[in-house]
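Student: Take this structure, written in C-alpha cells, and hold onto it; I'll ask about it next.
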Amino acid sequence: MNSLFPSIASRSQSSGLMNFFVPIISIVLTLITGSIIFILLGFDPVYALYTFFISPISSTYGISELFVKATPLALIAIGLSYCFKNNIYNIGAEGQLTMGAIFGGGIGILFHDTNAFWLLPLMIFAGAIGGALWGLIPAILKTKFNTNEILTSLMLVYVALFILDYLVVGPWKDPFGYSFPKSRPFSESGRMPLLFDGLRVHFGLIITLFLIFVSWFIFSKTIFGFQLKVSGYSPKAARYAGFNQTTLVFFAFAICGAFAGIAGLAEVSGPIGLLYRDISPNYGFTAIIVAFLGRLHPIGIIFASLVIALTYLGAEDAQLFLQIPSAVGFIFQGLVLFYLLGAELLINYKLTYKKLL
Amino acid sequence: MSDTILNIENITKSFPRVIANKKVTFDIKKNAVHAILGENGAGKSTLVKILYGLLEPDEGNIKLNNKDFKVNSPAEARKQGIGMVFQHFSLFDSLSVKENLILGIDEKMTYSDLENKLENISSRYNLPLDLDAPITALSAGEKQRVEIVRILLQDPQILIMDEPTSVLTPQEVESLFVTLNALVKEGRTILYITHKLEEVISICDTVTIMRSGEIIDTSSTANQTAKTLATKMLGQKLDDLKTNYEHIKDEVNFEVKNISCDFNDPFLTDLKNISFQVRVGEIYGIAGVAGNGQSELMDILTGENINIKSGSITFDNKKIEKYGPQKRRDLSISFVPENRLGHSAVPELSLSENILLSQFPKNNFIKNGIILKNNVDDFANNVINEFKVITPGNDAKASSLSGGNLQKYVIGREISSKPKILIISHPTWGIDAGAEHSIRESLIELSQNGTSIIVISQDLDELIEITHKISVIYDGKLSKPFRTSEVEIEKLGLLMGGKNE
C-alpha cells in the first residue's frame with residue numbers, strides 16, 4: 001500500500017521544453033480557476049472573462065492604456081532580474097520607485113516654472129539616483145551586517161511611502177491646491193512627451209524598451225552578466241572564480257533601484273504630472289510576478305508585463321460592468337504567481353508515494 | 001545465538017556508478033560497543049542509514065533479536081529500538097534544550113513525567129544539561145548530549161553513534177566515553193562508527209572493518225593494535241613503484257610556512273602550524289581521512305579564504321597569502337577544488353560558460369567587459385578534444401556530464417592554461433576507473449613538463465601512485481613529508497589514524 005500523502009523527490013533532469021511552457025501553463029490554469037470563481041459568483045464565465053481580458057483592449061485607447069500600465073511593470077521587472085539572477089530577493093522595488101518619484105519629482109517641483117530641454121533628462125537622472133540610493137540601503141545592510149534583504153527592502157517600502165506622504169502634505173504641498181495632499185504640477189518640459197496625440201502612452205515606453213535591450217546585452221554578452229548568473233547559481237563557484245560578491249550585490253541593488261526609480265519618475269512625470277500619495281498601484285510588488293512570469297528573460301518580461309497589465313485593466317472593467325470589486329485583479333495576479341511557483345516546483349521535483357509496510 | 005542482538009546478512013546497496021555495500025554480513029553482540037571502522041567511502045554511512053531506515057537495501061536481511069527487521073523511516077527504527085546520533089546535529093538553534101527535547105518525543109507524556117525522566121537520564125548516564133539554555137549557547141559537546149538524551153528518551157536498545165568524537169574536545173571525549181560505558185552496563189548496545197584507531201581500541205569490544213563496501217574482518221579488539229587495524233583498514237597498497245624523480249628541480253617554487261587558522265566552528269578543523277615546500281615539477285601529496293582540515297587548507301591554498309591567523313605562503317618569491325583566487329591565477333597558480341558541481345563548475349551552465357570560471361592572463365576571453373564567445377568556445381572545444389571528454393558539444397550543460405567526464409573537463413580546463421602550479425583536491429573522487437586513470441596520467445605528464453602539483457586526497461592508492469612526496473594531515477596538523485618511494489604504508493596508516501609514534 002502506498003502512503004496517502006506524497007513526498008517530493010528531486011528529478012535528476014528537468015525538462016527544458018516544460019521549462020519553456022511553465023508560464024503558458026500557469027496562465028491557462030489561472031484562466032480556468034478564474035472561470036470557476038466567476039461561476040461561483042454567479043456570472044457567465046465566458047462573458048466575465050471577455051469583460052476582463054478582451055474588452056479592455058478592444059480599442060486603440062485600451063491598447064494605449066495597456067502599454068501605460070505595462071511600461072513601469074516591465075521596467076521594474078527587468079531591474080529586478082539583476083537581483084533575482086544573483087539570488088538576491090529585493091522585494092522593495094515599490095519603495096525604490098517611490099524614492100525615484102520623490103527625487104525626480106522634487107526636481108520637477110523645484111523647476112515648476114522653468115521650461116527647458118534639460119529639465120526632463122535631469123528629472124530622469126535624479127529619479128534613477130533616488131531609486132539607486134534607496135536600493136543601496138538593503139545592499140549595505142546585507143553585505144555589512146548579513147541582514148536578510150527580503151525584510152529590509154520590504155520595510156523600506158513603507159518608509160519611502162511615509163516620506164512621500166509627509167512631503168505632499170507638508171513642505172511640498174501645492175500652495176494653490178486647496179490643501180489637497182498633492183504637489184504643484186510640473187512644468188510642460190518636465191513631463192514625459194506623449195507618443196501619440198490623444199493617447200496616454202508616453203516616452204517612458206521608449207526608455208523601457210531601450211533599458212530592456214541594454215539589459216539583454218548585459219545578461220548575454222558581458223562578463224558582468226555572467227558573474228551575476230554564476231553568483232546566483234552557486235556562490236561557492238563565484239568565490240572559486242574570484243568574483244567579488246559584495247560588489248555584485250551592490251551593483252544588482254543599485255541597478256534595480258535605478259530602474260524602479262526611473263519607472264516611478266516616469267509615472268509622476270507621465271500620466272500623473274505631479275506628486276501625490278498614491279502614485280503607484282503596487283507596480284513595484286506586481287513587477288515581481290512579471291519578472292518570474294517572464295523567466296527573468298528580457299523578451300519574456302515584455303510579454304509578461306502585458307499579461308499582468310491586462311489584469312489591472314480587466315479589474316477596472318470588471319468593476320464597471322460586472323460590479324465586481326477591482327481586487328479581483330489582485331486575485332488573478334496571485335493565481336498566476338501561485339501556479340507559476342507550483343509548476344516550477346514540479347519541473348524540478350516529482351511527487352512520490354512512499355511504500356507503506 | 002542468544003547474545004546476538006542484530007544479524008546483518010548479505011546487505012547489498014548500490015548507487016549509480018558505485019556499490020556502497022557488497023554482501024555485508026556480520027553480527028552485533030548485545031551489551032557491547034561494536035565499532036565499524038573504515039576510510040571514507042568504505043560504506044559505513046550507507047550501512048547505518050539502512051539500519052536507521054533512511055535507505056532501503058537492494059538485497060539482504062536484517063534481524064533484530066532474531067526477528068526480521070525492516071523499517072522505512074527513522075521514526076519506525078526508533079519505535080523498534082534503534083536510535084542514532086548523527087555527526088551533524090539536528091537541533092533548533094533558537095529554541096531551548098527543553099523545547100528541543102519535547103519536539104523529539106513521539107508519544108504523549110505529561111510535563112512532570114518528562115522532567116522526571118530527564119533527571120533520571122541525566123544523572124544515570126553522566127549527561128548534565130541546563131534545560132533552559134538556548135541551543136546556540138551550547139558547546140558542541142553539550143549539543144551532542146542533547147541529541148543523546150533525546151534518543152535515550154525513547155529507550156533504544158541499540159544506539160548508533162556516527163563519528164561522535166569528531167566535533168568534541170578531548171575532555172568532552174572522556175565524558176562521552178563515561179556515558180557510553182554506563183549505557184552498555186545497562187544492557188544497551190552501541191554501534192560506533194569511526195575512523196579513529198585509538199578509539200576503537202580504547203572503548204570498543206568488537207570491531208568490524210569495512211573497505212570499499214565490503215566487510216574485511218569482524219573480530220574482538222582485545223588482541224588488536226593500531227597497526228594491525230590500520231593495515232586491515234587500508235588494505236594492501238601497491239608496493240612496486242616506479243615513481244620518476246629525475247625531472248624534479250632543486251628549486252622550491254611554492255612554500256607554506258607556519259599557517260595557522262582558527263574557525264571557531266565545531267564543524268571546521270582549525271589548522272595548526274602547517275608548513276611544506278614544493279619543488280618545481282614535484283607532485284606533493286597530502287593524505288588524511290576526511291574532516292581533518294583538508295578543505296580548510298584547500299581554501300587557504302586557493303585564496304578563497306584569506307583570513308589566516310598567522311603564517312605565509314610564498315610563490316616565486318612573492319608573498320601571496322593575502323591574494324584572492326583571481327590574483328593567484330594571474331601568477332599562474334591554478335586550482336581544482338574537491339566538489340565539481342557548484343564549486344569548480346556550475347551545473348546549470350554550459351561547458352563553454354564554465355570555462356570563464358577560471359581565467360588566466362594569457363587567455364583572451366574578455367575585451368572591455370564583453371565576452372569573446374568564439375575564443376571561449378575554441379578553448380572549450382580544445383579541452384573536450386584533448387582530454388577526450390564525452391559530450392554532445394560545448395553547449396551541453398555541465399550537469400549532463402558524468403562525474404568522470406566533468407572532472408576531466410575541469411582538470412583539462414586548468415591544465416590547458418599551462419599553470420606553474422596546480423593545486424588539486426581529490427582529483428578522482430567518485431568517478432569511474434577509466435577517467436581515474438586518464439586523470440592520473442595527465443597529472444604525471446604535467447609534472448614532467450615542469451608544473452608543480454599539490455594533491456590533497458583521501459585515496460592513499462592514488463597518492464602513492466602519482467606523488468613524489470607525501471605527508472599526512474590529522475586534526476589540522478601536517479606531518480613531515482616522506483619520499484613516496486620509500487615510505488611504509490603502515491606508517492601512513494598510523495598517522496592517518498592519529499597515532500604518531
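FYI, nothing fancy with the C-alpha cells labels: chains A, B, ... in order, residues from 1 per chain, ligands from 1 as they appear.
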Would you give me, as a ChimeraX atom specification, the residues of chain A that come within 7 Å of chain B, using only C-alpha atoms?

Tutor: /A:221-223,234,236-237,239-242

Student: Out of stretch 366-471 of chain B, which residues get alpha helix (DSSP H) from DSSP, as a PDB file with C-alpha atoms, in the first residue's frame?

Tutor:
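Okay, selection-v3.pdb is ready:
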ATOM      1  CA  LYS B 373      32.440  33.894 -27.292  1.00  0.00           C
ATOM      2  CA  ASN B 374      34.454  32.458 -30.180  1.00  0.00           C
ATOM      3  CA  ASN B 375      37.630  32.320 -28.130  1.00  0.00           C
ATOM      4  CA  VAL B 376      35.844  30.720 -25.218  1.00  0.00           C
ATOM      5  CA  ASP B 377      34.182  28.137 -27.477  1.00  0.00           C
ATOM      6  CA  ASP B 378      37.504  27.311 -29.150  1.00  0.00           C
ATOM      7  CA  PHE B 379      39.117  26.812 -25.782  1.00  0.00           C
ATOM      8  CA  ALA B 380      36.250  24.592 -24.645  1.00  0.00           C
ATOM      9  CA  ASN B 381      36.403  22.500 -27.831  1.00  0.00           C
ATOM     10  CA  ASN B 382      40.118  22.135 -27.380  1.00  0.00           C
ATOM     11  CA  VAL B 383      39.681  20.839 -23.815  1.00  0.00           C
ATOM     12  CA  ILE B 384      36.925  18.480 -24.949  1.00  0.00           C
ATOM     13  CA  ASN B 385      39.103  17.010 -27.711  1.00  0.00           C
ATOM     14  CA  GLU B 386      42.374  16.877 -25.900  1.00  0.00           C
ATOM     15  CA  GLY B 403      31.226  12.794 -12.872  1.00  0.00           C
ATOM     16  CA  GLY B 404      34.313  11.453 -14.611  1.00  0.00           C
ATOM     17  CA  ASN B 405      33.752  13.419 -17.774  1.00  0.00           C
ATOM     18  CA  LEU B 406      33.106  16.630 -15.942  1.00  0.00           C
ATOM     19  CA  GLN B 407      36.191  16.127 -13.813  1.00  0.00           C
ATOM     20  CA  LYS B 408      38.285  15.512 -16.931  1.00  0.00           C
ATOM     21  CA  TYR B 409      36.837  18.702 -18.372  1.00  0.00           C
ATOM     22  CA  VAL B 410      37.546  20.782 -15.260  1.00  0.00           C
ATOM     23  CA  ILE B 411      41.083  19.462 -14.901  1.00  0.00           C
ATOM     24  CA  GLY B 412      41.604  19.889 -18.627  1.00  0.00           C
ATOM     25  CA  ARG B 413      40.479  23.493 -18.353  1.00  0.00           C
ATOM     26  CA  GLU B 414      43.110  24.134 -15.696  1.00  0.00           C
ATOM     27  CA  ILE B 415      45.911  22.197 -17.372  1.00  0.00           C
ATOM     28  CA  SER B 416      45.314  23.775 -20.771  1.00  0.00           C
ATOM     29  CA  ALA B 433      38.140   3.760 -13.367  1.00  0.00           C
ATOM     30  CA  GLY B 434      38.772   4.881 -16.941  1.00  0.00           C
ATOM     31  CA  ALA B 435      38.549   8.569 -16.156  1.00  0.00           C
ATOM     32  CA  GLU B 436      40.546   7.991 -12.996  1.00  0.00           C
ATOM     33  CA  HIS B 437      43.392   6.501 -14.977  1.00  0.00           C
ATOM     34  CA  SER B 438      43.449   9.205 -17.598  1.00  0.00           C
ATOM     35  CA  ILE B 439      43.376  11.971 -14.980  1.00  0.00           C
ATOM     36  CA  ARG B 440      46.294  10.450 -13.075  1.00  0.00           C
ATOM     37  CA  GLU B 441      48.244  10.140 -16.291  1.00  0.00           C
ATOM     38  CA  SER B 442      47.689  13.725 -17.244  1.00  0.00           C
ATOM     39  CA  LEU B 443      48.814  14.867 -13.796  1.00  0.00           C
ATOM     40  CA  ILE B 444      52.041  12.888 -14.094  1.00  0.00           C
ATOM     41  CA  GLU B 445      52.639  14.232 -17.567  1.00  0.00           C
ATOM     42  CA  LEU B 446      52.013  17.779 -16.378  1.00  0.00           C
ATOM     43  CA  SER B 447      54.605  17.434 -13.634  1.00  0.00           C
ATOM     44  CA  GLN B 448      57.136  16.075 -16.086  1.00  0.00           C
ATOM     45  CA  LEU B 460      46.038   6.567  -0.462  1.00  0.00           C
ATOM     46  CA  ASP B 461      46.445   4.336  -3.514  1.00  0.00           C
ATOM     47  CA  GLU B 462      46.179   7.363  -5.704  1.00  0.00           C
ATOM     48  CA  LEU B 463      48.726   9.370  -3.753  1.00  0.00           C
ATOM     49  CA  ILE B 464      51.183   6.507  -3.726  1.00  0.00           C
ATOM     50  CA  GLU B 465      50.739   6.020  -7.430  1.00  0.00           C
ATOM     51  CA  ILE B 466      51.340   9.583  -8.534  1.00  0.00           C
TER      52      ILE B 466
END

Student: Could you pull out the strand (DSSP E or B) residues of stretch 126-280 of chain B, going by DSSP on the backbone, and write them as an MDAnalysis selection string?

Tutor: chainID B and resid 134 158:162 189:194 206:211 214:220 252:261 271:279

Student: Write out the residues from the selection above, keeping C-alpha atoms, as a tab-separated table (two decimals), in the first residue's frame.

Tutor:
chain	number	residue	atom	x	y	z
B	134	PRO	CA	19.15	28.07	24.28
B	158	ILE	CA	20.77	0.00	20.05
B	159	LEU	CA	22.37	3.40	19.79
B	160	ILE	CA	24.22	4.28	16.59
B	161	MET	CA	26.90	6.95	17.02
B	162	ASP	CA	28.29	8.39	13.79
B	189	THR	CA	24.31	-1.90	22.58
B	190	ILE	CA	26.30	0.78	20.86
B	191	LEU	CA	27.25	0.82	17.21
B	192	TYR	CA	30.21	3.10	16.96
B	193	ILE	CA	31.17	4.45	13.53
B	194	THR	CA	34.68	5.83	13.33
B	206	THR	CA	34.31	-5.76	18.79
B	207	VAL	CA	35.32	-4.18	15.54
B	208	THR	CA	34.06	-4.66	12.00
B	209	ILE	CA	36.41	-3.32	9.38
B	210	MET	CA	34.99	-2.19	6.06
B	211	ARG	CA	36.82	-1.37	2.86
B	214	GLU	CA	32.93	-4.99	1.85
B	215	ILE	CA	33.50	-6.45	5.26
B	216	ILE	CA	37.17	-7.22	5.70
B	217	ASP	CA	37.03	-8.62	9.18
B	218	THR	CA	34.96	-8.73	12.34
B	219	SER	CA	36.89	-9.54	15.46
B	220	SER	CA	37.39	-8.72	19.09
B	252	VAL	CA	61.36	25.36	-4.36
B	253	ASN	CA	58.63	27.42	-6.00
B	254	PHE	CA	55.79	27.06	-3.51
B	255	GLU	CA	56.26	27.29	0.21
B	256	VAL	CA	53.73	27.27	3.01
B	257	LYS	CA	55.14	28.40	6.32
B	258	ASN	CA	53.53	28.05	9.73
B	259	ILE	CA	49.97	28.58	8.57
B	260	SER	CA	47.53	28.60	11.48
B	261	CYS	CA	43.87	29.37	11.24
B	271	LEU	CA	44.72	24.46	11.12
B	272	LYS	CA	47.79	24.27	13.28
B	273	ASN	CA	51.16	25.45	12.14
B	274	ILE	CA	51.15	23.90	8.68
B	275	SER	CA	54.38	24.08	6.68
B	276	PHE	CA	55.54	22.39	3.49
B	277	GLN	CA	57.57	23.05	0.38
B	278	VAL	CA	57.01	22.03	-3.21
B	279	ARG	CA	59.78	21.90	-5.80

Student: Quick one: residues within 12 Å of stretch 144-146 of chain A, only C-alpha atoms, excluding same-chain residues fewer than 6 positions away - as a PyMOL selection string?

Tutor: chain A and resi 136-138+152+246-247+249-250

Student: Keeping N, CA and C atoms for every residue in the selection just given, could you write it to a file as a compact mmCIF listing (two decimals), in the first residue's frame?

Tutor:
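This is the output file selection03.txt:
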# COMPACT_ATOMS: atom_id res chain seq x y z
N LEU A 136 20.41 50.83 -2.31
CA LEU A 136 21.71 50.52 -1.71
C LEU A 136 21.62 50.30 -0.21
N ILE A 137 20.56 50.81 0.41
CA ILE A 137 20.45 50.62 1.87
C ILE A 137 20.39 49.12 2.22
N PRO A 138 19.46 48.36 1.64
CA PRO A 138 19.49 46.92 1.95
C PRO A 138 20.78 46.24 1.50
N THR A 152 14.53 43.80 4.97
CA THR A 152 14.92 45.20 4.98
C THR A 152 14.36 45.94 3.76
N THR A 246 30.44 40.95 -2.97
CA THR A 246 29.92 42.18 -2.36
C THR A 246 29.62 43.21 -3.44
N THR A 247 30.56 43.39 -4.34
CA THR A 247 30.35 44.34 -5.43
C THR A 247 29.13 43.96 -6.25
N VAL A 249 26.46 42.39 -5.29
CA VAL A 249 25.24 42.72 -4.55
C VAL A 249 24.94 44.21 -4.69
N PHE A 250 25.99 45.03 -4.54
CA PHE A 250 25.79 46.47 -4.67
C PHE A 250 25.29 46.86 -6.05

Student: Measuring atom to atom with only C-alpha atoms, identify which of A:Ile57, A:Ile8, A:Asn86, A:His112 is nearest to A:Lys229.

Tutor: A:Asn86

Student: What lies within 8 Å of stretch 52-67 of chain B using only C-alpha atoms, ignoring chain neighbours under 5 positions off, as a list in words?

Tutor: Thr4, Ile5, Leu6, Asn7, Ile8, Glu9, Asn10, Ile11, Thr12, Lys13, Ser14, Lys23, Thr46, Asn72, Ser73, Pro74, Glu76, Ala77, Arg78, Ile82, Gly83 and Met84 of chain B

Student: Quote the spacing between atom CA of A:Ala252 and atom CA of A:Val159 in Å to one decimal place.

Tutor: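 Rounded to one decimal, the two atoms are 21.1 Å apart.
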
Student: From the set A:Ile76, A:Ala139, A:Val28, A:Leu322, which residue has the shortest atom-to-atom contact distance to A:Tyr47, counting only C-alpha atoms?

Tutor: A:Leu322

Student: Residues near stretch 270-286 of chain A, anyone? I mean within 6 Å using only C-alpha atoms, not counting same-chain ones fewer than 5 positions away, as a list in words.

Tutor: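 Within the cut-off, the hits are Leu73, Ala93, Glu94, Asp165, Val168, Lys182, Ser183, Pro185, Phe186, Arg191 and Met192 of chain A.
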
Student: Atom CA of A:Gly105 and atom CA of A:Tyr61 are how many Å apart?

Tutor: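 Separating atom CA of A:Gly105 from atom CA of A:Tyr61 is a distance of 26.7 Å.
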
Student: Between B:Asn223, B:Thr165, B:Ser485, B:Asn181, which has the minimum distance to B:Arg124 (counting only C-alpha atoms)?

Tutor: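 Ranking B:Asn223, B:Thr165, B:Ser485, B:Asn181 by distance to B:Arg124, first place goes to B:Asn181.
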
Student: Distance atom CA of B:Gly285-atom CA of B:Lys232, one decimal place?

Tutor: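 One can read the atom CA of B:Gly285 to atom CA of B:Lys232 distance as 22.1 Å.
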
Student: If we count only C-alpha atoms and set the cut-off at 9 Å, which residues sit around stretch 200-203 of chain A, ignoring sequence neighbours fewer than 2 positions away in its own chain? Please answer as a PyMOL selection string.

Tutor: chain A and resi 61+64-69+71+192-198+205-208+266+270-271

Student: Please save N, CA and C atoms of the selected residues as a PDB file, in the first residue's frame.

Tutor:
ATOM      1  N   TYR A  61      -7.549  53.181 -27.574  1.00  0.00           N
ATOM      2  CA  TYR A  61      -7.302  53.764 -26.261  1.00  0.00           C
ATOM      3  C   TYR A  61      -6.934  52.669 -25.258  1.00  0.00           C
ATOM      4  N   SER A  64      -3.434  51.503 -25.755  1.00  0.00           N
ATOM      5  CA  SER A  64      -2.519  52.501 -25.212  1.00  0.00           C
ATOM      6  C   SER A  64      -2.452  52.385 -23.688  1.00  0.00           C
ATOM      7  N   GLU A  65      -3.615  52.202 -23.053  1.00  0.00           N
ATOM      8  CA  GLU A  65      -3.635  52.052 -21.594  1.00  0.00           C
ATOM      9  C   GLU A  65      -2.844  50.822 -21.165  1.00  0.00           C
ATOM     10  N   LEU A  66      -2.960  49.761 -21.976  1.00  0.00           N
ATOM     11  CA  LEU A  66      -2.209  48.540 -21.677  1.00  0.00           C
ATOM     12  C   LEU A  66      -0.717  48.844 -21.615  1.00  0.00           C
ATOM     13  N   PHE A  67      -0.247  49.629 -22.590  1.00  0.00           N
ATOM     14  CA  PHE A  67       1.180  49.955 -22.597  1.00  0.00           C
ATOM     15  C   PHE A  67       1.546  50.900 -21.462  1.00  0.00           C
ATOM     16  N   VAL A  68       0.596  51.786 -21.108  1.00  0.00           N
ATOM     17  CA  VAL A  68       0.871  52.694 -19.982  1.00  0.00           C
ATOM     18  C   VAL A  68       1.112  51.884 -18.712  1.00  0.00           C
ATOM     19  N   LYS A  69       0.304  50.854 -18.511  1.00  0.00           N
ATOM     20  CA  LYS A  69       0.460  50.026 -17.305  1.00  0.00           C
ATOM     21  C   LYS A  69       1.664  49.087 -17.426  1.00  0.00           C
ATOM     22  N   THR A  71       4.432  49.546 -19.014  1.00  0.00           N
ATOM     23  CA  THR A  71       5.734  50.221 -19.008  1.00  0.00           C
ATOM     24  C   THR A  71       6.429  50.141 -17.641  1.00  0.00           C
ATOM     25  N   MET A 192       6.743  63.701 -19.429  1.00  0.00           N
ATOM     26  CA  MET A 192       7.110  62.742 -20.482  1.00  0.00           C
ATOM     27  C   MET A 192       6.320  63.077 -21.748  1.00  0.00           C
ATOM     28  N   PRO A 193       7.010  63.238 -22.873  1.00  0.00           N
ATOM     29  CA  PRO A 193       6.274  63.511 -24.115  1.00  0.00           C
ATOM     30  C   PRO A 193       5.354  62.342 -24.450  1.00  0.00           C
ATOM     31  N   LEU A 194       4.176  62.651 -24.982  1.00  0.00           N
ATOM     32  CA  LEU A 194       3.259  61.594 -25.405  1.00  0.00           C
ATOM     33  C   LEU A 194       3.684  61.087 -26.777  1.00  0.00           C
ATOM     34  N   LEU A 195       3.488  59.807 -27.003  1.00  0.00           N
ATOM     35  CA  LEU A 195       3.922  59.234 -28.283  1.00  0.00           C
ATOM     36  C   LEU A 195       2.885  59.468 -29.372  1.00  0.00           C
ATOM     37  N   PHE A 196       1.600  59.465 -28.987  1.00  0.00           N
ATOM     38  CA  PHE A 196       0.535  59.691 -29.980  1.00  0.00           C
ATOM     39  C   PHE A 196      -0.425  60.716 -29.402  1.00  0.00           C
ATOM     40  N   ASP A 197      -0.952  61.547 -30.254  1.00  0.00           N
ATOM     41  CA  ASP A 197      -1.928  62.526 -29.787  1.00  0.00           C
ATOM     42  C   ASP A 197      -3.153  61.836 -29.233  1.00  0.00           C
ATOM     43  N   GLY A 198      -3.591  62.280 -28.087  1.00  0.00           N
ATOM     44  CA  GLY A 198      -4.848  61.784 -27.531  1.00  0.00           C
ATOM     45  C   GLY A 198      -4.715  60.475 -26.784  1.00  0.00           C
ATOM     46  N   LEU A 205       7.864  54.467 -22.352  1.00  0.00           N
ATOM     47  CA  LEU A 205       7.870  53.193 -23.069  1.00  0.00           C
ATOM     48  C   LEU A 205       9.167  53.017 -23.847  1.00  0.00           C
ATOM     49  N   ILE A 206       9.609  54.117 -24.486  1.00  0.00           N
ATOM     50  CA  ILE A 206      10.848  54.044 -25.272  1.00  0.00           C
ATOM     51  C   ILE A 206      12.035  53.802 -24.340  1.00  0.00           C
ATOM     52  N   ILE A 207      12.041  54.527 -23.216  1.00  0.00           N
ATOM     53  CA  ILE A 207      13.127  54.338 -22.240  1.00  0.00           C
ATOM     54  C   ILE A 207      13.149  52.877 -21.783  1.00  0.00           C
ATOM     55  N   THR A 208      11.956  52.349 -21.492  1.00  0.00           N
ATOM     56  CA  THR A 208      11.865  50.968 -21.011  1.00  0.00           C
ATOM     57  C   THR A 208      12.406  49.988 -22.045  1.00  0.00           C
ATOM     58  N   ALA A 266       8.823  58.162 -14.260  1.00  0.00           N
ATOM     59  CA  ALA A 266       8.044  58.142 -15.499  1.00  0.00           C
ATOM     60  C   ALA A 266       6.550  58.183 -15.189  1.00  0.00           C
ATOM     61  N   GLY A 270       4.772  61.312 -16.259  1.00  0.00           N
ATOM     62  CA  GLY A 270       3.981  60.876 -17.417  1.00  0.00           C
ATOM     63  C   GLY A 270       2.505  61.117 -17.175  1.00  0.00           C
ATOM     64  N   PRO A 271       1.746  60.054 -16.873  1.00  0.00           N
ATOM     65  CA  PRO A 271       0.300  60.198 -16.747  1.00  0.00           C
ATOM     66  C   PRO A 271      -0.122  61.145 -15.625  1.00  0.00           C
TER      67      PRO A 271
END

Student: When you count only C-alpha atoms, which of these residues is closest to A:Pro171: A:Leu306, A:Pro121, A:Val22, A:Leu110?

Tutor: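 Checking each candidate against A:Pro171, we get A:Leu110 as the closest.
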
Student: Go through A:Leu122, A:Ile150, A:Val328, A:Ile212 one by one, measure the shortest atom-to-atom distance of each to A:Leu265 using only C-alpha atoms, and give the residue with the smallest value.

Tutor: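 Distance minimum relative to A:Leu265 lands on A:Leu122.
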